[in-house]
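Novice: Structure file my_file16.txt (compact mmCIF, C-alpha atoms) is given on the next line.
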# COMPACT_ATOMS: atom_id res chain seq x y z
CA MET A 1 -181.64 -134.21 -191.27
CA ALA A 2 -181.52 -137.27 -188.98
CA PHE A 3 -180.09 -140.74 -189.58
CA ILE A 4 -181.48 -143.99 -188.20
CA ASP A 5 -179.51 -147.25 -188.31
CA LEU A 6 -182.27 -149.79 -188.84
CA ASN A 7 -181.42 -153.47 -188.39
CA ASP A 8 -183.64 -156.56 -188.38
CA GLY A 9 -180.90 -158.93 -187.19
CA SER A 10 -180.58 -160.84 -190.45
CA ALA A 11 -177.17 -159.29 -191.20
CA ILE A 12 -174.55 -157.30 -189.34
CA SER A 13 -175.01 -154.20 -191.49
CA GLY A 14 -178.29 -152.34 -191.15
CA MET A 15 -180.19 -150.04 -193.47
CA GLN A 16 -179.47 -146.33 -193.16
CA ALA A 17 -182.77 -144.50 -192.93
CA VAL A 18 -182.69 -140.72 -193.56
CA VAL A 19 -185.37 -138.41 -192.12
CA ASN A 20 -185.62 -134.87 -193.51
CA GLU A 21 -186.84 -131.98 -191.43
CA GLY A 22 -190.34 -130.92 -192.32
CA SER A 23 -191.53 -134.40 -193.27
CA ALA A 24 -194.27 -136.32 -191.42
CA ALA A 25 -191.56 -138.70 -190.21
CA TRP A 26 -189.71 -135.74 -188.63
CA ASP A 27 -192.74 -135.04 -186.48
CA ALA A 28 -192.62 -138.65 -185.27
CA LEU A 29 -188.98 -138.14 -184.31
CA ASP A 30 -189.87 -134.99 -182.40
CA ALA A 31 -192.55 -136.90 -180.52
CA GLY A 32 -189.86 -139.14 -179.00
CA GLY A 33 -189.68 -142.91 -178.84
CA VAL A 34 -187.07 -143.33 -181.57
CA SER A 35 -183.99 -144.35 -179.62
CA THR A 36 -181.43 -147.16 -179.43
CA GLY A 37 -183.28 -150.46 -178.91
CA ALA A 38 -186.68 -149.26 -180.11
CA ALA A 39 -188.76 -151.36 -182.51
CA LEU A 40 -189.83 -149.40 -185.60
CA ARG A 41 -191.81 -149.79 -188.78
CA VAL A 42 -190.37 -147.47 -191.42
CA LYS A 43 -191.79 -146.66 -194.86
CA GLY A 44 -189.97 -144.76 -197.57
CA LYS A 45 -188.16 -144.85 -200.90
CA LEU A 46 -184.97 -146.78 -201.52
CA VAL A 47 -182.50 -144.35 -203.12
CA ALA A 48 -178.82 -144.29 -204.03
CA SER A 49 -176.72 -143.14 -201.10
CA PRO A 50 -174.40 -140.17 -201.60
CA GLY A 51 -172.21 -141.46 -198.77
CA GLY A 52 -169.51 -144.02 -199.35
CA LYS A 53 -170.43 -146.47 -196.61
CA GLN A 54 -173.52 -147.96 -198.27
CA ALA A 55 -174.85 -148.26 -201.82
CA ALA A 56 -178.44 -147.37 -200.93
CA GLU A 57 -180.42 -145.75 -198.15
CA LEU A 58 -184.05 -145.29 -197.23
CA ALA A 59 -185.59 -141.82 -197.66
CA VAL A 60 -188.13 -142.04 -194.84
CA GLU A 61 -191.72 -140.92 -195.35
CA GLU A 62 -193.41 -142.55 -192.35
CA ILE A 63 -192.24 -143.88 -188.98
CA ASP A 64 -194.33 -146.02 -186.67
CA VAL A 65 -192.86 -146.69 -183.21
CA ILE A 66 -193.96 -150.23 -182.36
CA GLY A 67 -192.07 -150.56 -179.09
CA THR A 68 -190.07 -147.94 -177.22
CA ALA A 69 -186.83 -148.50 -175.27
CA ASP A 70 -186.22 -146.01 -172.46
CA PRO A 71 -182.76 -144.53 -173.17
CA GLU A 72 -182.30 -143.89 -169.44
CA THR A 73 -182.54 -147.59 -168.53
CA TYR A 74 -181.83 -149.59 -171.73
CA PRO A 75 -178.65 -151.59 -170.93
CA LEU A 76 -177.26 -151.61 -174.49
CA GLN A 77 -176.15 -148.09 -175.25
CA LYS A 78 -174.01 -147.09 -178.22
CA LYS A 79 -170.68 -148.04 -176.72
CA ARG A 80 -168.47 -151.11 -176.52
CA HIS A 81 -169.61 -153.55 -173.81
CA THR A 82 -167.45 -156.37 -172.49
CA LEU A 83 -168.53 -159.91 -173.34
CA GLU A 84 -168.47 -160.70 -169.62
CA TYR A 85 -171.02 -157.94 -168.95
CA LEU A 86 -173.18 -159.13 -171.86
CA ARG A 87 -173.43 -162.60 -170.27
CA SER A 88 -175.25 -160.96 -167.35
CA ILE A 89 -177.93 -159.69 -169.76
CA ALA A 90 -178.21 -162.74 -172.00
CA HIS A 91 -181.82 -161.83 -172.81
CA LEU A 92 -180.58 -158.71 -174.63
CA ARG A 93 -177.11 -159.65 -175.82
CA PRO A 94 -178.27 -161.27 -179.12
CA ARG A 95 -179.02 -157.68 -180.22
CA THR A 96 -175.30 -156.84 -180.17
CA ASN A 97 -173.12 -157.14 -183.26
CA THR A 98 -170.90 -159.85 -181.78
CA ILE A 99 -173.53 -162.21 -180.40
CA GLY A 100 -175.82 -161.66 -183.40
CA ALA A 101 -172.96 -162.59 -185.73
CA VAL A 102 -172.17 -165.67 -183.62
CA ALA A 103 -175.83 -166.73 -183.89
CA ARG A 104 -175.79 -166.43 -187.69
CA VAL A 105 -172.53 -168.38 -188.04
CA ARG A 106 -173.83 -171.03 -185.63
CA ASN A 107 -176.98 -171.34 -187.73
CA GLN A 108 -174.97 -171.86 -190.92
CA LEU A 109 -172.71 -174.44 -189.24
CA ALA A 110 -175.82 -176.35 -188.09
CA TYR A 111 -177.24 -176.18 -191.62
CA ALA A 112 -173.91 -177.40 -193.05
CA THR A 113 -173.85 -180.27 -190.55
CA HIS A 114 -177.25 -181.58 -191.60
CA THR A 115 -176.53 -180.99 -195.29
CA PHE A 116 -173.20 -182.83 -195.23
CA PHE A 117 -174.53 -185.95 -193.55
CA GLN A 118 -177.80 -186.01 -195.50
CA GLU A 119 -175.94 -185.69 -198.80
CA HIS A 120 -173.74 -188.64 -197.80
CA GLY A 121 -176.67 -190.92 -196.96
CA PHE A 122 -176.59 -190.67 -193.16
CA LEU A 123 -179.83 -191.07 -191.20
CA TYR A 124 -180.55 -188.37 -188.59
CA ALA A 125 -181.24 -190.22 -185.31
CA ASN A 126 -182.55 -188.73 -182.07
CA THR A 127 -180.97 -190.25 -178.97
CA PRO A 128 -182.29 -189.92 -175.38
CA ILE A 129 -181.37 -187.05 -173.10
CA ILE A 130 -182.07 -189.13 -169.96
CA THR A 131 -179.92 -192.24 -169.60
CA ALA A 132 -178.87 -194.82 -167.04
CA SER A 133 -175.41 -195.35 -168.53
CA ASP A 134 -172.21 -193.30 -168.40
CA CYS A 135 -170.79 -193.31 -171.93
CA GLU A 136 -167.56 -191.55 -170.99
CA GLY A 137 -167.02 -193.43 -167.72
CA ALA A 138 -165.96 -190.16 -166.09
CA GLY A 139 -168.81 -190.04 -163.58
CA GLU A 140 -169.40 -186.30 -164.08
CA GLN A 141 -173.13 -186.52 -164.76
CA PHE A 142 -176.19 -184.59 -163.64
CA GLN A 143 -178.53 -186.90 -161.79
CA VAL A 144 -182.23 -187.01 -162.64
CA THR A 145 -184.50 -187.92 -159.72
CA THR A 146 -187.96 -187.23 -158.30
CA LEU A 147 -187.01 -188.41 -154.82
CA LEU A 148 -186.12 -184.86 -153.81
CA ASN A 149 -189.23 -183.17 -155.21
CA GLY A 150 -190.37 -180.59 -152.66
CA PHE A 151 -187.51 -181.37 -150.28
CA GLY A 152 -186.20 -177.83 -150.47
CA ALA A 153 -189.55 -176.57 -149.21
CA GLY A 154 -189.18 -178.58 -146.02
CA GLU A 155 -191.33 -181.44 -147.24
CA TRP A 156 -190.50 -184.86 -148.63
CA THR A 157 -192.78 -185.28 -151.61
CA THR A 158 -191.86 -188.39 -153.54
CA PRO A 159 -193.76 -190.67 -155.90
CA ALA A 160 -197.04 -192.00 -154.53
CA SER A 161 -195.45 -195.37 -153.73
CA VAL A 162 -193.13 -193.73 -151.19
CA VAL A 163 -194.85 -192.65 -148.00
CA ASP A 164 -191.96 -190.90 -146.28
CA GLU A 165 -188.22 -190.40 -146.35
CA GLN A 166 -187.46 -193.74 -144.72
CA GLU A 167 -189.14 -195.69 -147.50
CA ALA A 168 -186.74 -194.14 -150.03
CA MET A 169 -183.75 -195.45 -148.09
CA ASN A 170 -182.17 -198.89 -147.84
CA LYS A 171 -181.34 -200.36 -144.43
CA ASP A 172 -177.68 -199.43 -144.88
CA GLY A 173 -178.63 -195.75 -145.36
CA SER A 174 -178.16 -195.71 -149.13
CA ILE A 175 -180.91 -194.44 -151.44
CA ASP A 176 -183.41 -197.00 -152.72
CA TYR A 177 -183.61 -196.03 -156.36
CA SER A 178 -186.23 -198.66 -157.07
CA GLN A 179 -188.61 -196.07 -155.59
CA ASP A 180 -187.44 -193.40 -158.03
CA PHE A 181 -189.22 -192.38 -161.24
CA PHE A 182 -187.16 -194.65 -163.53
CA GLY A 183 -186.55 -197.35 -160.91
CA LYS A 184 -182.76 -196.93 -161.11
CA PRO A 185 -180.16 -194.11 -160.94
CA SER A 186 -180.64 -191.93 -164.03
CA TYR A 187 -178.68 -189.03 -165.48
CA LEU A 188 -178.60 -186.39 -168.20
CA THR A 189 -176.59 -187.83 -171.06
CA VAL A 190 -172.97 -186.90 -171.79
CA SER A 191 -173.15 -188.47 -175.26
CA GLY A 192 -175.58 -190.08 -177.67
CA GLN A 193 -172.91 -192.44 -178.97
CA LEU A 194 -174.00 -195.73 -177.43
CA ASN A 195 -177.54 -195.27 -178.72
CA GLY A 196 -176.11 -194.15 -182.04
CA GLU A 197 -174.35 -197.49 -182.31
CA ILE A 198 -177.68 -199.28 -181.88
CA MET A 199 -179.10 -197.36 -184.83
CA ALA A 200 -176.01 -197.74 -187.03
CA CYS A 201 -176.03 -201.51 -186.52
CA ALA A 202 -179.59 -201.55 -187.90
CA VAL A 203 -180.07 -198.80 -190.48
CA ASN A 204 -176.48 -198.12 -191.62
CA ASP A 205 -174.70 -194.75 -191.20
CA ILE A 206 -176.39 -192.33 -188.78
CA TYR A 207 -175.64 -189.07 -187.03
CA THR A 208 -176.96 -187.42 -183.89
CA PHE A 209 -176.99 -183.70 -183.18
CA GLY A 210 -178.35 -182.72 -179.80
CA PRO A 211 -177.73 -181.38 -176.29
CA THR A 212 -175.42 -183.15 -173.86
CA PHE A 213 -174.51 -182.37 -170.26
CA ARG A 214 -171.51 -182.65 -167.97
CA ALA A 215 -171.43 -181.80 -164.26
CA GLU A 216 -167.78 -180.81 -164.34
CA ASN A 217 -167.14 -177.97 -161.90
CA SER A 218 -164.96 -176.12 -164.38
CA ASN A 219 -164.85 -172.39 -164.99
CA THR A 220 -162.48 -172.41 -167.96
CA SER A 221 -163.10 -170.71 -171.30
CA ARG A 222 -163.39 -174.15 -172.95
CA HIS A 223 -166.08 -175.85 -170.84
CA LEU A 224 -169.87 -175.69 -170.61
CA ALA A 225 -172.26 -177.73 -168.46
CA GLU A 226 -174.74 -177.93 -171.37
CA PHE A 227 -173.44 -178.21 -174.90
CA TRP A 228 -174.39 -179.68 -178.27
CA MET A 229 -172.66 -182.66 -179.84
CA VAL A 230 -172.47 -183.85 -183.44
CA GLU A 231 -171.92 -187.62 -183.37
CA PRO A 232 -171.92 -189.68 -186.57
CA GLU A 233 -171.66 -193.47 -186.47
CA LEU A 234 -170.46 -195.38 -189.56
CA ALA A 235 -171.52 -198.99 -190.07
CA PHE A 236 -169.06 -201.52 -191.54
CA ALA A 237 -166.24 -199.00 -191.03
CA ASP A 238 -162.80 -198.89 -189.45
CA LEU A 239 -160.65 -196.08 -188.03
CA ASN A 240 -159.43 -195.00 -191.48
CA ASP A 241 -163.03 -194.51 -192.64
CA ASP A 242 -163.70 -192.58 -189.44
CA MET A 243 -160.74 -190.23 -190.02
CA ASP A 244 -161.75 -189.69 -193.66
CA CYS A 245 -165.29 -188.74 -192.59
CA ALA A 246 -164.10 -186.34 -189.86
CA GLU A 247 -161.75 -184.57 -192.26
CA ALA A 248 -164.37 -184.26 -195.00
CA TYR A 249 -167.02 -183.00 -192.55
CA LEU A 250 -164.81 -180.29 -191.05
CA LYS A 251 -163.69 -179.07 -194.49
CA TYR A 252 -167.32 -178.95 -195.66
CA CYS A 253 -168.38 -176.83 -192.66
CA LEU A 254 -165.50 -174.37 -193.10
CA ASN A 255 -166.09 -173.98 -196.83
CA HIS A 256 -169.80 -173.43 -196.17
CA VAL A 257 -169.32 -170.57 -193.70
CA LEU A 258 -166.62 -169.01 -195.87
CA GLU A 259 -169.16 -168.91 -198.69
CA HIS A 260 -172.22 -167.83 -196.70
CA CYS A 261 -170.92 -165.78 -193.73
CA ASP A 262 -168.28 -163.53 -195.25
CA GLU A 263 -169.59 -160.29 -193.72
CA ASP A 264 -169.80 -161.79 -190.23
CA LEU A 265 -166.36 -163.39 -190.56
CA GLU A 266 -164.95 -160.03 -191.66
CA PHE A 267 -166.42 -158.51 -188.49
CA PHE A 268 -164.81 -161.21 -186.33
CA GLU A 269 -161.52 -160.68 -188.14
CA LYS A 270 -161.49 -156.96 -187.31
CA ASN A 271 -162.97 -157.00 -183.82
CA ILE A 272 -162.56 -160.42 -182.19
CA SER A 273 -159.76 -162.61 -183.51
CA LYS A 274 -157.83 -159.59 -184.85
CA ASP A 275 -155.93 -161.76 -187.30
CA ASN A 276 -156.39 -163.23 -190.76
CA LEU A 277 -159.28 -165.47 -189.63
CA ARG A 278 -160.71 -166.23 -193.06
CA GLU A 279 -157.29 -167.07 -194.47
CA ARG A 280 -156.72 -169.44 -191.54
CA LEU A 281 -160.04 -171.19 -192.16
CA ARG A 282 -159.31 -171.48 -195.89
CA ASN A 283 -155.92 -172.95 -195.04
CA VAL A 284 -157.51 -175.72 -192.96
CA ALA A 285 -160.25 -176.36 -195.52
CA SER A 286 -157.89 -176.61 -198.49
CA GLN A 287 -155.08 -178.92 -197.37
CA GLU A 288 -154.85 -182.59 -196.54
CA PHE A 289 -154.71 -183.34 -192.82
CA ALA A 290 -151.49 -184.88 -191.51
CA ARG A 291 -151.87 -188.26 -189.76
CA ILE A 292 -149.54 -189.53 -187.05
CA THR A 293 -149.67 -192.01 -184.17
CA TYR A 294 -149.88 -191.01 -180.53
CA THR A 295 -146.36 -192.41 -180.05
CA GLU A 296 -145.03 -190.14 -182.81
CA ALA A 297 -146.88 -187.17 -181.26
CA VAL A 298 -145.22 -187.79 -177.88
CA GLU A 299 -141.82 -188.01 -179.57
CA HIS A 300 -142.41 -184.65 -181.27
CA VAL A 301 -143.21 -183.03 -177.92
CA LEU A 302 -140.26 -184.66 -176.12
CA ASN A 303 -137.90 -183.49 -178.87
CA ALA A 304 -139.23 -179.92 -178.83
CA LYS A 305 -136.79 -177.13 -178.14
CA LYS A 306 -139.26 -175.30 -175.93
CA LYS A 307 -140.62 -175.75 -172.44
CA PHE A 308 -144.18 -176.78 -171.73
CA GLU A 309 -146.25 -176.15 -168.63
CA PHE A 310 -147.24 -179.83 -168.45
CA PRO A 311 -144.58 -182.53 -168.84
CA ILE A 312 -145.43 -185.53 -170.99
CA GLU A 313 -144.49 -189.18 -171.14
CA TRP A 314 -145.87 -192.14 -173.04
CA GLY A 315 -149.18 -193.01 -171.42
CA SER A 316 -150.18 -189.51 -170.37
CA ASP A 317 -152.79 -187.49 -172.23
CA LEU A 318 -151.79 -184.74 -174.64
CA GLN A 319 -152.55 -181.30 -173.22
CA SER A 320 -153.81 -178.39 -175.31
CA GLU A 321 -150.32 -176.84 -175.43
CA HIS A 322 -148.88 -180.10 -176.83
CA GLU A 323 -151.67 -180.41 -179.41
CA ARG A 324 -151.19 -176.83 -180.59
CA TYR A 325 -147.40 -177.26 -180.80
CA ILE A 326 -147.85 -180.29 -183.06
CA SER A 327 -150.40 -178.60 -185.32
CA GLU A 328 -148.87 -175.10 -185.41
CA GLU A 329 -145.12 -175.66 -185.21
CA VAL A 330 -144.28 -179.25 -186.15
CA PHE A 331 -146.72 -179.31 -189.08
CA LYS A 332 -146.67 -175.55 -189.82
CA ASP A 333 -150.31 -174.57 -189.18
CA ARG A 334 -151.70 -177.77 -190.63
CA PRO A 335 -154.52 -179.89 -189.16
CA VAL A 336 -153.26 -183.16 -187.67
CA ILE A 337 -155.06 -186.39 -186.83
CA VAL A 338 -153.41 -188.33 -183.99
CA ARG A 339 -154.35 -192.02 -183.76
CA ASP A 340 -153.69 -195.14 -181.64
CA TYR A 341 -153.82 -193.81 -178.08
CA PRO A 342 -152.92 -195.81 -174.93
CA LYS A 343 -155.94 -197.81 -173.81
CA ASP A 344 -155.67 -196.59 -170.20
CA ILE A 345 -156.50 -192.98 -171.13
CA LYS A 346 -159.39 -193.82 -173.46
CA ALA A 347 -162.94 -195.16 -173.05
CA PHE A 348 -163.80 -198.84 -172.69
CA TYR A 349 -165.67 -199.12 -176.02
CA MET A 350 -162.68 -198.27 -178.22
CA ARG A 351 -161.27 -201.18 -180.22
CA LEU A 352 -158.16 -202.73 -178.72
CA ASN A 353 -155.23 -202.84 -181.14
CA ASP A 354 -153.12 -205.95 -181.69
CA ASP A 355 -150.38 -204.62 -179.39
CA ASN A 356 -152.83 -204.82 -176.44
CA LYS A 357 -151.52 -201.42 -175.30
CA THR A 358 -153.28 -199.00 -177.60
CA VAL A 359 -156.79 -198.54 -178.98
CA ALA A 360 -158.05 -197.48 -182.40
CA ALA A 361 -158.83 -193.93 -181.30
CA MET A 362 -158.20 -190.63 -183.04
CA ASP A 363 -158.27 -186.90 -182.26
CA VAL A 364 -158.36 -184.10 -184.84
CA LEU A 365 -156.06 -181.20 -183.89
CA VAL A 366 -156.32 -177.77 -185.50
CA PRO A 367 -154.13 -174.64 -185.19
CA ARG A 368 -154.94 -172.18 -182.35
CA VAL A 369 -157.34 -174.60 -180.63
CA GLY A 370 -155.86 -178.08 -180.33
CA GLU A 371 -158.36 -180.95 -180.21
CA LEU A 372 -161.58 -180.23 -182.10
CA MET A 373 -162.92 -183.76 -182.66
CA GLY A 374 -162.37 -187.16 -181.12
CA GLY A 375 -163.47 -190.61 -182.22
CA SER A 376 -162.66 -194.28 -182.52
CA GLN A 377 -163.40 -197.61 -184.07
CA ARG A 378 -165.69 -199.40 -181.64
CA GLU A 379 -164.85 -202.74 -180.06
CA GLU A 380 -166.98 -205.27 -181.95
CA ARG A 381 -165.57 -208.43 -180.28
CA LEU A 382 -167.79 -209.54 -177.40
CA ASP A 383 -165.12 -211.16 -175.24
CA VAL A 384 -162.74 -208.21 -175.55
CA LEU A 385 -165.50 -205.69 -174.76
CA GLU A 386 -166.61 -207.64 -171.67
CA ARG A 387 -163.03 -207.69 -170.44
CA ARG A 388 -162.60 -203.95 -171.03
CA ILE A 389 -165.81 -203.12 -169.13
CA GLU A 390 -164.53 -205.10 -166.15
CA GLU A 391 -161.08 -203.50 -166.36
CA VAL A 392 -162.46 -199.97 -166.02
CA GLY A 393 -164.72 -200.93 -163.12
CA LEU A 394 -168.13 -200.69 -164.80
CA GLU A 395 -170.98 -203.16 -164.26
CA LYS A 396 -171.61 -205.45 -167.22
CA GLU A 397 -175.26 -205.75 -166.24
CA SER A 398 -175.81 -202.06 -166.99
CA TYR A 399 -174.57 -202.56 -170.53
CA TRP A 400 -176.38 -205.83 -171.36
CA TRP A 401 -178.06 -204.25 -174.38
CA TYR A 402 -174.77 -202.79 -175.62
CA LEU A 403 -173.18 -206.22 -175.38
CA ASP A 404 -176.12 -207.72 -177.28
CA LEU A 405 -175.03 -205.74 -180.33
CA ARG A 406 -171.89 -207.91 -180.29
CA ARG A 407 -173.84 -211.12 -179.73
CA TYR A 408 -176.17 -210.73 -182.68
CA GLY A 409 -174.70 -209.80 -186.06
CA SER A 410 -171.69 -207.90 -184.76
CA GLN A 411 -169.96 -205.67 -187.28
CA PRO A 412 -167.01 -203.27 -187.39
CA HIS A 413 -168.23 -199.71 -186.88
CA ALA A 414 -166.70 -196.36 -185.97
CA GLY A 415 -167.66 -192.79 -185.15
CA PHE A 416 -166.56 -189.49 -183.70
CA GLY A 417 -167.88 -186.61 -181.64
CA LEU A 418 -167.60 -182.89 -182.23
CA GLY A 419 -168.45 -180.36 -179.53
CA PHE A 420 -170.52 -177.94 -181.61
CA GLU A 421 -169.69 -174.88 -179.49
CA ARG A 422 -165.98 -175.66 -179.93
CA LEU A 423 -166.51 -175.50 -183.68
CA VAL A 424 -168.41 -172.20 -183.38
CA GLN A 425 -165.62 -170.88 -181.16
CA TYR A 426 -162.98 -171.93 -183.67
CA VAL A 427 -164.76 -170.43 -186.70
CA THR A 428 -165.61 -167.10 -185.05
CA GLY A 429 -162.46 -166.62 -182.98
CA VAL A 430 -164.40 -165.86 -179.76
CA GLU A 431 -162.14 -166.69 -176.84
CA ASN A 432 -164.77 -167.89 -174.36
CA ILE A 433 -167.04 -170.81 -175.23
CA ARG A 434 -169.82 -169.14 -173.19
CA ASP A 435 -170.19 -166.71 -176.08
CA ALA A 436 -170.64 -169.51 -178.64
CA ILE A 437 -174.12 -170.50 -177.39
CA PRO A 438 -177.07 -168.13 -176.80
CA PHE A 439 -177.78 -169.13 -173.19
CA PRO A 440 -174.68 -170.67 -171.60
CA ARG A 441 -174.91 -173.04 -168.63
CA TYR A 442 -171.89 -173.22 -166.34
CA PRO A 443 -171.19 -173.53 -162.58
CA GLY A 444 -173.33 -171.01 -160.70
CA SER A 445 -175.28 -169.87 -163.77
CA ALA A 446 -178.59 -171.27 -165.05
CA GLU A 447 -180.46 -168.01 -165.56
CA PHE A 448 -182.39 -167.03 -168.70
Write out the structure in this file as structure tokens.
Specialist:
Amino acid sequence: MAFIDLNDGSAISGMQAVVNEGSAAWDALDAGGVSTGAALRVKGKLVASPGGKQAAELAVEEIDVIGTADPETYPLQKKRHTLEYLRSIAHLRPRTNTIGAVARVRNQLAYATHTFFQEHGFLYANTPIITASDCEGAGEQFQVTTLLNGFGAGEWTTPASVVDEQEAMNKDGSIDYSQDFFGKPSYLTVSGQLNGEIMACAVNDIYTFGPTFRAENSNTSRHLAEFWMVEPELAFADLNDDMDCAEAYLKYCLNHVLEHCDEDLEFFEKNISKDNLRERLRNVASQEFARITYTEAVEHVLNAKKKFEFPIEWGSDLQSEHERYISEEVFKDRPVIVRDYPKDIKAFYMRLNDDNKTVAAMDVLVPRVGELMGGSQREERLDVLERRIEEVGLEKESYWWYLDLRRYGSQPHAGFGLGFERLVQYVTGVENIRDAIPFPRYPGSAEF
């Protein structure tokens, strides 16, 4: 008797297929080709299983080997591989239990995202991947240009209007971007928010869900160069509406995966997070989020009877250790929304509060992770927005269209952003964000 663990990837548990000696299927086994990684077509009868591990098994009558996998060279043998090693064979790692389970949970979270916003009347809007503006103002963007096409091959092949290298340069030695494909410096987007605001000011509540990029030379377990963002924008809304939406959305996603991914979550509980993962997710999904101001958050950290790696004072950003302390210890494993941050550590588009020191911004903190979502009410007053753009050193001319939204029918509106891989990481318990996306992009790695 021989046993085959047959799995089509749709669930973590496969079908046990039993081959009895003397059957036609046994001859196929003897012929070779049935090994770990092989693709098979199996025909037989579904019968009750005498073993305790599964309710039913397949009594095999026929086996057809569709594709063999050489057991001498197949990288995924029946042993535990490190996640770091699996990243080096990203074309095969979805076949493993861990990455396959991550893919299924990610799929359900994406489904829940669309379902939540569609059920609440949001319009799904597609925003551009190539942009000429820096939404975050951080300057860590990937540049898009055709001026270097072929340069690595020892030639300078540029658009037809540029004859040679000199014509792509200004007299002062700087690059003449008027000769480039888009006629100006262009980048891969870090956020669809600004375009989302355009849509929300026309067709009411919208959400975007797409890839974003950041050229941050970071090799931490929390950063990717290419990642997906969920960014809703609420028309005629203030910061309170924004916080209500963020809380409802996160609870919906957690309840959805708890209902539809129990087997995968059980696997993560036993093998990855090694704690009561599902209970932790239920805890977040079932209780009201605490809400405090940034000033109150700083006071909590300053009054803590423990030492932190990073000191804090009013005006400095909360670090992950501070955020986790607030959520896990001050509020006893409860999600916390922190609002009203100092304007100097937040983006120019966030609405200035009456104290002229803080902005109507908010971050959602959850146990074990810290910040999971961040958002704000947008500055709808033209004069204040123009002043803020100048204060942070950006050129008003580049944002003429963004300012037009305040010139013509301006309205209060608000939104937030969620790094989708952070959510996947939180729900599955995987420690490294590079395992929360099928083909991670990070410094030094763009293979597969």
Novice: Any idea what the distance is between CA of Pro311 (chain A) and CA of Ile326 (chain A)?
Specialist: 14.8 Å
Novice: Could you check which of A:Gly196, A:Pro185, A:Gly33, A:Gly100 is closest to Thr428 (chain A), using all atoms listed in the file?
Specialist: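 Nearest to Thr428 (chain A): A:Gly100.
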Novice: Counting all atoms listed in the file, I want the residues whose atoms come within 6 Å of (-168.1, -206.2, -168.7) in the file frame, returned as a ChimeraX atom specification.
Specialist: /A:386-387,389-390,396
Novice: Axis-aligned box over every listed atom of region 228-246 of chain A, padded by 3 Å per side: centre and edges in Å to one decimal, as AutoDock Vina command-line options?
Specialist:
--center_x -166.9 --center_y -190.6 --center_z -186.0 --size_x 21.0 --size_y 27.8 --size_z 21.4
Novice: Go through A:Ile198, A:Val230, A:Leu365, A:Ile12 one by one, measure the shortest atom-to-atom distance of each to Val102 (chain A) using only C-alpha atoms, and give the residue with the smallest value.
Specialist: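 Smallest distance to Val102 (chain A) is found for A:Ile12.
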Novice: Give the answer as one residue: which of A:Arg280, A:His114, A:Ser174, A:Thr68 has the shortest atom-to-atom distance to Glu328 (chain A), using only C-alpha atoms?
Specialist: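 Ranked by minimum distance to Glu328 (chain A), first place goes to A:Arg280.
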Novice: With distances taken over only C-alpha atoms, which of A:Ala132, A:Val190, A:Ala55, A:Val60 is nearest to Ala17 (chain A)?
Specialist: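 When distances to Ala17 (chain A) are compared using only C-alpha atoms, the smallest one comes from A:Val60.
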Novice: Any idea what the distance is between CA of Glu379 (chain A) and CA of Thr208 (chain A)?
Specialist: 19.9 Å
Novice: Between A:Val364, A:Asp340, A:Tyr74, A:Ser178, which residue has the minimum interatomic distance to Ile89 (chain A), considering only C-alpha atoms?
Specialist: A:Tyr74
Novice: Mind giving me the straight-line distance from CA of Gly210 (chain A) to CA of Val144 (chain A) in Å, one decimal?
Specialist: 18.1 Å
Novice: Applying 10 Å and all atoms listed in the file, which residues near Gly415 (chain A) remain after dropping the ones on its own chain fewer than 3 positions away? List them as a ChimeraX atom specification.
Specialist: /A:193,196-197,200,205-207,231-235,237-239,241-243,245-246,361-362,374-378
Novice: Could you write out the selected residues, including C-alpha atoms, as an mmCIF file, in the coordinates of the input?
Specialist:
data_model
loop_
_atom_site.group_PDB
_atom_site.id
_atom_site.type_symbol
_atom_site.label_atom_id
_atom_site.label_comp_id
_atom_site.auth_asym_id
_atom_site.auth_seq_id
_atom_site.Cartn_x
_atom_site.Cartn_y
_atom_site.Cartn_z
ATOM 1 C CA GLN A 193 -172.910 -192.440 -178.970
ATOM 2 C CA GLY A 196 -176.110 -194.150 -182.040
ATOM 3 C CA GLU A 197 -174.350 -197.490 -182.310
ATOM 4 C CA ALA A 200 -176.010 -197.740 -187.030
ATOM 5 C CA ASP A 205 -174.700 -194.750 -191.200
ATOM 6 C CA ILE A 206 -176.390 -192.330 -188.780
ATOM 7 C CA TYR A 207 -175.640 -189.070 -187.030
ATOM 8 C CA GLU A 231 -171.920 -187.620 -183.370
ATOM 9 C CA PRO A 232 -171.920 -189.680 -186.570
ATOM 10 C CA GLU A 233 -171.660 -193.470 -186.470
ATOM 11 C CA LEU A 234 -170.460 -195.380 -189.560
ATOM 12 C CA ALA A 235 -171.520 -198.990 -190.070
ATOM 13 C CA ALA A 237 -166.240 -199.000 -191.030
ATOM 14 C CA ASP A 238 -162.800 -198.890 -189.450
ATOM 15 C CA LEU A 239 -160.650 -196.080 -188.030
ATOM 16 C CA ASP A 241 -163.030 -194.510 -192.640
ATOM 17 C CA ASP A 242 -163.700 -192.580 -189.440
ATOM 18 C CA MET A 243 -160.740 -190.230 -190.020
ATOM 19 C CA CYS A 245 -165.290 -188.740 -192.590
ATOM 20 C CA ALA A 246 -164.100 -186.340 -189.860
ATOM 21 C CA ALA A 361 -158.830 -193.930 -181.300
ATOM 22 C CA MET A 362 -158.200 -190.630 -183.040
ATOM 23 C CA GLY A 374 -162.370 -187.160 -181.120
ATOM 24 C CA GLY A 375 -163.470 -190.610 -182.220
ATOM 25 C CA SER A 376 -162.660 -194.280 -182.520
ATOM 26 C CA GLN A 377 -163.400 -197.610 -184.070
ATOM 27 C CA ARG A 378 -165.690 -199.400 -181.640
#
